[in-house]
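The data block below is query02.csv; it holds CSV, C-alpha atoms.
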chain,number,residue,atom,x,y,z
Q,1,MET,CA,-7.1,-18.0,-189.2
Q,2,SER,CA,-10.6,-17.2,-187.9
Q,3,THR,CA,-11.9,-19.6,-185.3
Q,4,PRO,CA,-15.4,-20.0,-183.8
Q,5,GLU,CA,-16.1,-17.9,-180.8
Q,6,ALA,CA,-15.9,-19.9,-177.6
Q,7,PRO,CA,-19.1,-20.3,-175.5
Q,8,ALA,CA,-19.3,-18.2,-172.3
Q,9,HIS,CA,-19.2,-21.2,-170.0
Q,10,PRO,CA,-16.6,-24.1,-170.1
Q,11,ALA,CA,-17.6,-27.4,-171.6
Q,12,PRO,CA,-17.1,-30.5,-169.4
Q,13,ALA,CA,-14.0,-32.2,-170.6
Q,14,LEU,CA,-13.8,-35.6,-172.2
Q,15,PRO,CA,-11.3,-37.9,-170.7
Q,16,ALA,CA,-8.9,-36.8,-173.5
Q,17,ILE,CA,-8.8,-35.5,-177.0
Q,18,ALA,CA,-6.4,-37.0,-179.5
Q,19,LEU,CA,-5.0,-35.3,-182.7
Q,20,ALA,CA,-3.1,-37.6,-185.1
Q,21,GLY,CA,-1.9,-37.1,-188.6
Q,22,PRO,CA,1.0,-37.8,-191.0
Q,23,THR,CA,4.2,-35.9,-190.8
Q,24,ALA,CA,3.9,-32.2,-192.1
Q,25,SER,CA,0.1,-32.2,-191.8
Q,26,GLY,CA,0.0,-29.3,-189.4
Q,27,LYS,CA,-0.5,-31.1,-186.1
Q,28,THR,CA,1.5,-28.6,-184.0
Q,29,ALA,CA,-0.5,-25.6,-185.4
Q,30,GLY,CA,-3.7,-27.5,-184.9
Q,31,ALA,CA,-2.9,-28.3,-181.3
Q,32,LEU,CA,-1.9,-24.7,-180.4
Q,33,ALA,CA,-5.1,-23.4,-182.1
Q,34,LEU,CA,-7.2,-25.9,-180.0
Q,35,ALA,CA,-5.4,-24.9,-176.8
Q,36,ALA,CA,-6.0,-21.2,-177.4
Q,37,VAL,CA,-9.7,-21.6,-178.1
Q,38,LEU,CA,-10.4,-23.9,-175.3
Q,39,GLY,CA,-8.3,-21.8,-172.9
Q,40,ARG,CA,-10.5,-18.8,-173.8
Q,41,GLN,CA,-13.5,-20.7,-172.8
Q,42,GLY,CA,-12.0,-21.6,-169.5
Q,43,GLN,CA,-10.8,-25.1,-170.3
Q,44,PRO,CA,-7.0,-25.2,-169.9
Q,45,VAL,CA,-5.2,-27.8,-172.0
Q,46,GLU,CA,-1.9,-29.7,-171.6
Q,47,ILE,CA,-0.3,-31.4,-174.6
Q,48,ILE,CA,1.1,-35.0,-174.4
Q,49,SER,CA,3.4,-35.7,-177.3
Q,50,VAL,CA,2.7,-39.0,-179.2
Q,51,ASP,CA,5.9,-39.0,-181.1
Q,52,SER,CA,8.7,-41.6,-180.8
Q,53,ALA,CA,11.3,-39.1,-182.0
Q,54,LEU,CA,10.4,-36.1,-179.9
Q,55,VAL,CA,11.4,-38.0,-176.7
Q,56,TYR,CA,15.1,-37.6,-177.6
Q,57,ARG,CA,17.2,-34.8,-176.3
Q,58,GLY,CA,19.5,-33.1,-178.7
Q,59,MET,CA,17.4,-34.0,-181.7
Q,60,ASP,CA,15.5,-30.8,-182.4
Q,61,ILE,CA,15.8,-29.9,-186.1
Q,62,GLY,CA,15.2,-33.2,-187.7
Q,63,THR,CA,12.2,-34.0,-185.5
Q,64,ALA,CA,10.5,-30.6,-186.1
Q,65,LYS,CA,10.4,-30.2,-182.3
Q,66,PRO,CA,8.1,-27.4,-181.3
Q,67,ALA,CA,9.9,-24.1,-180.9
Q,68,ALA,CA,10.6,-22.6,-177.5
Q,69,HIS,CA,7.7,-20.1,-177.8
Q,70,GLU,CA,5.3,-23.0,-178.7
Q,71,LEU,CA,6.5,-25.1,-175.8
Q,72,ALA,CA,6.0,-22.0,-173.5
Q,73,ALA,CA,2.5,-21.3,-174.8
Q,74,VAL,CA,1.0,-24.6,-173.6
Q,75,PRO,CA,2.4,-27.2,-171.2
Q,76,HIS,CA,4.0,-30.1,-173.1
Q,77,HIS,CA,4.9,-33.6,-171.9
Q,78,LEU,CA,7.0,-36.5,-173.2
Q,79,ILE,CA,9.4,-34.3,-175.0
Q,80,ASP,CA,13.2,-34.5,-174.3
Q,81,ILE,CA,12.8,-37.4,-171.8
Q,82,ARG,CA,15.4,-39.8,-173.2
Q,83,ASP,CA,19.0,-39.6,-174.3
Q,84,PRO,CA,19.5,-40.8,-177.9
Q,85,LEU,CA,21.4,-43.8,-176.6
Q,86,GLN,CA,18.2,-45.1,-174.8
Q,87,ALA,CA,15.2,-46.9,-176.2
Q,88,TYR,CA,11.6,-45.9,-175.6
Q,89,SER,CA,8.8,-48.5,-176.2
Q,90,ALA,CA,5.1,-48.3,-176.9
Q,91,ALA,CA,4.5,-50.0,-173.5
Q,92,GLU,CA,6.5,-47.2,-171.8
Q,93,PHE,CA,4.6,-44.6,-173.7
Q,94,VAL,CA,1.2,-46.1,-172.5
Q,95,GLN,CA,2.4,-46.2,-168.9
Q,96,ASP,CA,3.7,-42.6,-169.1
Q,97,ALA,CA,0.7,-41.2,-171.0
Q,98,THR,CA,-1.8,-42.8,-168.7
Q,99,ARG,CA,-0.1,-41.4,-165.6
Q,100,LEU,CA,0.1,-38.0,-167.2
Q,101,MET,CA,-3.5,-37.9,-168.2
Q,102,GLY,CA,-4.6,-38.7,-164.7
Q,103,GLU,CA,-2.3,-35.9,-163.3
Q,104,ILE,CA,-3.5,-33.4,-166.0
Q,105,ARG,CA,-7.2,-34.1,-165.3
Q,106,ALA,CA,-6.5,-33.8,-161.5
Q,107,ARG,CA,-5.3,-30.2,-162.3
Q,108,GLY,CA,-8.6,-29.5,-164.1
Q,109,ALA,CA,-7.0,-29.5,-167.5
Q,110,LEU,CA,-7.8,-31.4,-170.6
Q,111,PRO,CA,-5.2,-33.9,-172.0
Q,112,LEU,CA,-4.5,-33.3,-175.7
Q,113,LEU,CA,-2.6,-36.2,-177.2
Q,114,VAL,CA,-0.8,-34.9,-180.4
Q,115,GLY,CA,1.5,-36.8,-182.7
Q,116,GLY,CA,2.1,-39.1,-185.6
Q,117,THR,CA,3.4,-42.3,-184.0
Q,118,MET,CA,0.4,-44.4,-184.7
Q,119,LEU,CA,1.6,-47.5,-182.8
Q,120,TYR,CA,1.5,-45.4,-179.7
Q,121,PHE,CA,-2.0,-44.2,-180.4
Q,122,LYS,CA,-3.1,-47.8,-181.1
Q,123,ALA,CA,-1.4,-49.1,-178.0
Q,124,LEU,CA,-3.0,-46.5,-175.8
Q,125,LEU,CA,-6.5,-46.5,-177.2
Q,126,ASP,CA,-6.9,-50.1,-178.3
Q,127,GLY,CA,-4.6,-51.9,-175.9
Q,128,MET,CA,-1.9,-54.5,-176.7
Q,129,ASP,CA,-1.4,-58.0,-175.7
Q,130,ASP,CA,1.8,-58.8,-173.7
Q,131,MET,CA,4.5,-59.4,-176.4
Q,132,PRO,CA,7.5,-61.6,-175.8
Q,133,ALA,CA,10.8,-60.2,-174.7
Q,134,ALA,CA,13.7,-60.0,-177.2
Q,135,ASN,CA,15.4,-63.3,-177.9
Q,136,PRO,CA,19.2,-62.9,-178.7
Q,137,ASP,CA,19.4,-66.2,-180.5
Q,138,VAL,CA,16.5,-65.5,-182.8
Q,139,ARG,CA,17.8,-62.0,-183.5
Q,140,ALA,CA,21.2,-63.3,-184.3
Q,141,ARG,CA,19.7,-65.8,-186.8
Q,142,LEU,CA,17.6,-63.0,-188.4
Q,143,GLU,CA,20.7,-60.7,-188.7
Q,144,ALA,CA,22.7,-63.5,-190.3
Q,145,GLN,CA,19.8,-64.1,-192.8
Q,146,ALA,CA,19.7,-60.3,-193.5
Q,147,ARG,CA,23.4,-60.2,-194.3
Q,148,GLU,CA,23.0,-63.0,-196.8
Q,149,GLN,CA,19.7,-61.9,-198.4
Q,150,GLY,CA,19.1,-58.3,-197.5
Q,151,TRP,CA,16.3,-56.7,-195.4
Q,152,PRO,CA,14.0,-56.4,-198.4
Q,153,ALA,CA,14.0,-60.2,-198.7
Q,154,LEU,CA,13.1,-60.4,-195.0
Q,155,HIS,CA,10.4,-57.8,-195.6
Q,156,ALA,CA,9.0,-60.1,-198.3
Q,157,GLU,CA,9.0,-63.0,-195.9
Q,158,LEU,CA,7.2,-60.9,-193.4
Q,159,ALA,CA,4.6,-60.0,-196.0
Q,160,ARG,CA,3.8,-63.6,-196.4
Q,161,ILE,CA,3.2,-64.3,-192.7
Q,162,ASP,CA,2.0,-60.9,-191.5
Q,163,PRO,CA,0.8,-58.7,-194.4
Q,164,THR,CA,-0.8,-56.2,-192.0
Q,165,THR,CA,2.5,-55.4,-190.3
Q,166,ALA,CA,4.5,-55.6,-193.6
Q,167,ALA,CA,2.2,-53.0,-195.2
Q,168,ARG,CA,3.2,-50.3,-192.7
Q,169,LEU,CA,6.9,-51.0,-192.8
Q,170,ALA,CA,9.5,-49.9,-195.4
Q,171,PRO,CA,11.5,-52.8,-197.0
Q,172,ALA,CA,14.7,-51.3,-195.4
Q,173,ASP,CA,13.2,-50.8,-191.9
Q,174,SER,CA,15.5,-53.4,-190.4
Q,175,GLN,CA,14.7,-52.8,-186.7
Q,176,ARG,CA,10.9,-53.2,-187.1
Q,177,ILE,CA,11.1,-56.0,-189.6
Q,178,GLN,CA,13.4,-57.9,-187.3
Q,179,ARG,CA,11.1,-57.4,-184.3
Q,180,ALA,CA,8.0,-58.6,-186.3
Q,181,LEU,CA,9.8,-61.7,-187.5
Q,182,GLU,CA,11.2,-62.3,-184.0
Q,183,VAL,CA,7.7,-62.3,-182.5
Q,184,TRP,CA,6.6,-64.7,-185.2
Q,185,HIS,CA,9.4,-67.1,-184.6
Q,186,ILE,CA,8.9,-67.0,-180.8
Q,187,THR,CA,5.1,-67.2,-180.6
Q,188,GLY,CA,4.0,-68.5,-184.0
Q,189,LYS,CA,1.6,-65.5,-184.2
Q,190,PRO,CA,1.9,-62.4,-186.3
Q,191,LEU,CA,2.8,-59.1,-184.6
Q,192,SER,CA,-0.4,-57.6,-185.8
Q,193,SER,CA,-2.4,-60.1,-183.7
Q,194,PHE,CA,-1.0,-58.5,-180.6
Q,195,HIS,CA,-2.6,-55.1,-181.5
Q,196,THR,CA,-6.0,-56.0,-180.1
Q,197,THR,CA,-8.9,-54.3,-178.3
Q,198,LYS,CA,-9.6,-56.8,-175.7
Q,199,PHE,CA,-7.5,-55.2,-173.0
Q,200,ALA,CA,-9.0,-51.7,-173.5
Q,201,ALA,CA,-12.4,-52.4,-172.2
Q,202,ASN,CA,-11.7,-51.0,-168.7
Q,203,LYS,CA,-9.2,-48.4,-169.7
Q,204,PRO,CA,-10.4,-44.8,-169.0
Q,205,TYR,CA,-8.7,-43.6,-172.2
Q,206,ALA,CA,-9.9,-46.3,-174.6
Q,207,SER,CA,-11.2,-45.6,-178.1
Q,208,SER,CA,-14.8,-45.4,-176.8
Q,209,ALA,CA,-13.9,-42.6,-174.3
Q,210,THR,CA,-11.4,-40.5,-176.3
Q,211,ALA,CA,-12.3,-38.3,-179.2
Q,212,LEU,CA,-9.8,-38.9,-182.0
Q,213,PHE,CA,-9.3,-36.3,-184.7
Q,214,SER,CA,-6.9,-36.7,-187.6
Q,215,LEU,CA,-5.5,-34.3,-190.2
Q,216,GLU,CA,-5.4,-36.1,-193.5
Q,217,PRO,CA,-4.9,-34.5,-197.0
Q,218,ASP,CA,-7.4,-35.0,-199.8
Q,219,HIS,CA,-4.5,-34.7,-202.2
Q,220,ARG,CA,-1.2,-36.3,-201.6
Q,221,ALA,CA,0.6,-33.8,-203.8
Q,222,TRP,CA,-0.1,-31.1,-201.2
Q,223,LEU,CA,1.5,-33.2,-198.5
Q,224,HIS,CA,4.4,-34.1,-200.7
Q,225,GLU,CA,5.1,-30.4,-201.3
Q,226,ARG,CA,4.9,-29.7,-197.6
Q,227,ILE,CA,7.3,-32.5,-196.9
Q,228,ALA,CA,9.8,-31.1,-199.4
Q,229,GLN,CA,9.6,-27.6,-198.0
Q,230,ARG,CA,10.0,-28.8,-194.5
Q,231,PHE,CA,13.1,-31.0,-195.3
Q,232,ASP,CA,14.6,-28.1,-197.1
Q,233,ALA,CA,14.0,-25.9,-194.0
Q,234,MET,CA,15.6,-28.5,-191.8
Q,235,LEU,CA,18.7,-28.6,-194.0
Q,236,CYS,CA,18.9,-24.8,-193.9
Q,237,ALA,CA,18.5,-24.8,-190.1
Q,238,GLY,CA,21.5,-27.1,-189.6
Q,239,LEU,CA,20.3,-30.7,-189.7
Q,240,VAL,CA,23.6,-31.9,-191.0
Q,241,ASP,CA,25.5,-30.2,-188.2
Q,242,GLU,CA,23.0,-31.5,-185.7
Q,243,VAL,CA,23.8,-35.1,-186.8
Q,244,ARG,CA,27.5,-34.3,-186.9
Q,245,ALA,CA,27.3,-33.3,-183.2
Q,246,LEU,CA,25.5,-36.6,-182.3
Q,247,ARG,CA,28.1,-38.6,-184.2
Q,248,ALA,CA,30.9,-36.8,-182.4
Q,249,ARG,CA,29.7,-38.1,-179.0
Q,250,GLY,CA,31.2,-41.4,-180.0
Q,251,ASP,CA,28.6,-43.6,-178.2
Q,252,LEU,CA,25.9,-43.5,-180.8
Q,253,HIS,CA,25.5,-45.7,-183.9
Q,254,PRO,CA,23.1,-45.9,-186.8
Q,255,ASP,CA,21.3,-49.0,-185.6
Q,256,LEU,CA,19.9,-47.2,-182.5
Q,257,PRO,CA,16.1,-46.4,-182.7
Q,258,SER,CA,17.0,-42.7,-182.3
Q,259,MET,CA,19.4,-42.7,-185.2
Q,260,ARG,CA,17.0,-44.6,-187.4
Q,261,CYS,CA,14.5,-41.7,-187.3
Q,262,VAL,CA,13.7,-40.4,-190.7
Q,263,GLY,CA,16.1,-37.7,-191.6
Q,264,TYR,CA,18.7,-38.7,-189.1
Q,265,ARG,CA,19.4,-42.0,-190.8
Q,266,GLN,CA,19.8,-40.4,-194.2
Q,267,VAL,CA,22.1,-37.7,-192.9
Q,268,TRP,CA,24.2,-40.3,-191.0
Q,269,GLU,CA,24.5,-42.4,-194.2
Q,270,ALA,CA,25.5,-39.3,-196.2
Q,271,LEU,CA,28.2,-38.4,-193.7
Q,272,ASP,CA,29.5,-42.0,-193.8
Q,273,ALA,CA,29.6,-41.8,-197.6
Q,274,GLN,CA,31.4,-38.5,-197.5
Q,275,ALA,CA,34.0,-39.9,-195.1
Q,276,ALA,CA,34.6,-42.9,-197.3
Q,277,ARG,CA,34.8,-40.8,-200.5
Q,278,ALA,CA,36.9,-37.9,-199.4
Q,279,PRO,CA,37.4,-37.1,-195.7
Q,280,GLY,CA,36.8,-33.4,-195.1
Q,281,SER,CA,34.7,-32.8,-198.2
Q,282,PRO,CA,31.0,-31.7,-197.8
Q,283,PRO,CA,28.3,-34.3,-198.1
Q,284,ASP,CA,26.3,-34.7,-201.3
Q,285,LEU,CA,23.4,-32.5,-200.3
Q,286,VAL,CA,21.5,-33.1,-203.5
Q,287,HIS,CA,21.4,-36.9,-203.0
Q,288,LEU,CA,20.7,-36.4,-199.3
Q,289,ARG,CA,17.8,-34.1,-200.0
Q,290,GLU,CA,16.3,-36.7,-202.5
Q,291,ARG,CA,16.7,-39.6,-200.0
Q,292,GLY,CA,15.4,-37.6,-197.1
Q,293,ILE,CA,12.3,-36.4,-198.9
Q,294,ALA,CA,11.6,-39.9,-200.3
Q,295,ALA,CA,11.9,-41.5,-196.8
Q,296,THR,CA,9.6,-38.9,-195.3
Q,297,ARG,CA,7.0,-39.5,-198.0
Q,298,GLN,CA,7.2,-43.2,-197.2
Q,299,LEU,CA,6.7,-42.5,-193.5
Q,300,ALA,CA,3.7,-40.3,-194.3
Q,301,LYS,CA,2.2,-43.1,-196.4
Q,302,ARG,CA,2.6,-45.6,-193.6
Q,303,GLN,CA,1.0,-43.2,-191.1
Q,304,ILE,CA,-2.0,-42.7,-193.3
Q,305,THR,CA,-2.4,-46.5,-193.7
Q,306,TRP,CA,-2.4,-46.7,-189.9
Q,307,LEU,CA,-5.0,-43.9,-189.6
Q,308,ARG,CA,-7.3,-45.7,-192.1
Q,309,SER,CA,-7.3,-48.7,-189.8
Q,310,MET,CA,-8.8,-46.5,-187.0
Q,311,PRO,CA,-12.5,-46.1,-188.0
Q,312,GLN,CA,-13.4,-44.1,-184.8
Q,313,ARG,CA,-11.4,-41.1,-186.0
Q,314,HIS,CA,-12.9,-37.8,-187.2
Q,315,ALA,CA,-10.9,-36.9,-190.3
Q,316,ILE,CA,-10.2,-33.2,-191.2
Q,317,ALA,CA,-8.9,-32.4,-194.7
Q,318,CYS,CA,-5.7,-30.6,-193.7
Q,319,ASP,CA,-5.1,-29.3,-197.3
Q,320,GLN,CA,-8.2,-27.2,-197.1
Q,321,PRO,CA,-7.7,-23.4,-196.6
Q,322,GLN,CA,-9.8,-23.4,-193.4
Q,323,ALA,CA,-8.5,-26.7,-192.0
Q,324,LEU,CA,-7.6,-25.3,-188.6
Q,325,ALA,CA,-11.0,-23.6,-188.2
Q,326,MET,CA,-12.6,-26.9,-189.2
Q,327,LEU,CA,-10.7,-28.8,-186.6
Q,328,VAL,CA,-11.5,-26.3,-183.9
Q,329,GLN,CA,-15.2,-26.4,-184.8
Q,330,ALA,CA,-15.3,-30.2,-184.9
Q,331,VAL,CA,-13.7,-30.4,-181.4
Q,332,LEU,CA,-16.1,-27.8,-180.0
Q,333,GLN,CA,-19.0,-29.7,-181.4
Q,334,ARG,CA,-17.7,-32.9,-179.8
Q,335,LEU,CA,-17.4,-31.2,-176.5
Q,336,ALA,CA,-20.9,-29.8,-176.8
Q,337,GLN,CA,-22.2,-33.3,-177.5
Q,338,HIS,CA,-20.4,-34.6,-174.5
Q,339,ARG,CA,-21.9,-31.8,-172.3
Q,340,GLU,CA,-25.4,-32.6,-173.5
Q,341,ALA,CA,-24.9,-36.3,-172.9
Q,342,THR,CA,-23.7,-35.8,-169.4
Q,343,ALA,CA,-26.1,-33.0,-168.4

I need this file expressed as structure tokens, please.
Amino acid sequence: MSTPEAPAHPAPALPAIALAGPTASGKTAGALALAAVLGRQGQPVEIISVDSALVYRGMDIGTAKPAAHELAAVPHHLIDIRDPLQAYSAAEFVQDATRLMGEIRARGALPLLVGGTMLYFKALLDGMDDMPAANPDVRARLEAQAREQGWPALHAELARIDPTTAARLAPADSQRIQRALEVWHITGKPLSSFHTTKFAANKPYASSATALFSLEPDHRAWLHERIAQRFDAMLCAGLVDEVRALRARGDLHPDLPSMRCVGYRQVWEALDAQAARAPGSPPDLVHLRERGIAATRQLAKRQITWLRSMPQRHAIACDQPQALAMLVQAVLQRLAQHREATA
């Protein structure tokens, strides 16, 4: 990849730069390219992961966690900070990311937020109302209803009361469907109404102060092929063995947020089916591959839906041959505009 030459003097940094995109769109490569170019112009960069799966230790293959040499090339944050038994919320992310951005800027570096967990981006840049705490009684009623009717039926119910939230959730995404319905039953308001901008006005990293770039394909077929290739690579790299090791701990179960991550859930279910069918036999890799790729495509579709609700973003066609150079050029131009505006 050829990238624009960096100017001889460093550009004043924005409060932060954000790089979002669906899974397999090339975010890691884009972030490293940006860090290299900005570093050459005298602006060090530190990356903050915006990914709800990368927080978990021992989950490397199925999360496409950056390789050791990539982690060593640029300082990374919010990776491997939780055990898979623990939860990690959007509110916790906002607190951690805000603290880290202040610390990074105090070191003279530019925070670069990179990832595909769009709820985290929205919570950080647009703010969120205070949502109610979990209610065990409401959750128990929803679980009983799901056992009788199935989660797709509860998803259909959610679509009637909160179509915005339902549109970004898969019909089998029991954890998030349950939470959205729980919020509705407790407050009488849809979950989407809590994703507001009114608490972001005084935030130093609000939408108005952070340059948001996104990698989005012009053609879905390109992304689908990338997803298939990456899932095949994960299987070859040992994804099934990685999930076996997590299961062998004995304290994890498939309803945990960590084990519901795309890829991990499908492998867990394949191992369950294998054990029920013929203990000791290999899992059905053909069926697993189909289900894993389909689930990843659904995730990418929901991520793109989120992105399209963020009008402040600068979209880069990630399926173009010079996508990385286009991204770097767009960021350099944005920094130059900021330098002129603050001169």

Can you tell me, as a PyMOL selection string, what residues are no more than 7 Å from Q:Tyr120 when counting all atoms listed in the file, ignoring any on the same chain fewer than 3 positions away? chain Q and resi 50+90+93+117+123-124

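Residues lying within 10 Å of Q:Val138, counting only C-alpha atoms and ignoring same-chain neighbours fewer than 5 positions away, are Glu143, Ala144, Gln178, Arg179, Leu181, Glu182, Val183, His185 and Ile186 of chain Q.
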
What lies within 10 Å of Q:Val74 using all atoms listed in the file, ignoring chain neighbours under 4 positions off, as a VMD selection string? chain Q and resid 31 to 32 35 to 36 39 44 to 47 69 to 70

Please provide as a ChimeraX atom specification all residues within 12 Å of Q:Val243, with the sequence filter that same-chain residues fewer than 4 positions apart are discarded (counting only C-alpha atoms). /Q:58-63,84,234-235,238-239,247-250,252-254,258-261,263-272

Report as a ChimeraX atom specification all protein, DNA and RNA residues lying within 7 Å of stretch 154-164 of chain Q, evaluated on only C-alpha atoms, omitting residues in the same chain fewer than 2 positions from it. /Q:146,150-152,166-167,171,177,181,190,192

Tell me, in Å to one decimal, how far atom CA of Q:Arg297 is from atom CA of Q:Ala53.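 Computing it gives 16.6 Å between the two atoms.
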
For Q:Ala330, which residue among Q:Ala211, Q:Ala172, Q:Ala237, Q:Ala245 is the nearest when counting only C-alpha atoms? Q:Ala211

From Q:Ala325, Q:Leu212, Q:Ile104, Q:Ala170, residue lying nearest Q:Val262 [only C-alpha atoms]: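 Comparing Q:Ala325, Q:Leu212, Q:Ile104, Q:Ala170 against Q:Val262, the winner is Q:Ala170.
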
Distance atom CA of Q:Ser214-atom CA of Q:Ala341, one decimal place?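 Computed distance, atom CA of Q:Ser214 to atom CA of Q:Ala341, equals 23.2 Å.
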
Taking all atoms listed in the file into account, which of Q:Ala106, Q:Asp255, Q:Leu142, Q:Leu215 comes nearest Q:Gln175?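 Checking each of Q:Ala106, Q:Asp255, Q:Leu142, Q:Leu215 against Q:Gln175, counting all atoms listed in the file, the winner is Q:Asp255.
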
Can you work out the spacing between atom CA of Q:Trp306 and atom CA of Q:Met118 in Å, to one decimal?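 Separation of atom CA of Q:Trp306 and atom CA of Q:Met118: 6.3 Å.
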
With distances taken over all atoms listed in the file, which residue among Q:Arg107, Q:His224, Q:Lys65, Q:Arg57 lies nearest Q:Asp83?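 Counting all atoms listed in the file, the residue closest to Q:Asp83 is Q:Arg57.
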
Quick one: of Q:Gln333, Q:Gln86, Q:Gln229, Q:Thr28, who's nearest to Q:Ser49, counting only C-alpha atoms?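 For Q:Ser49, the nearest of the candidates is Q:Thr28.
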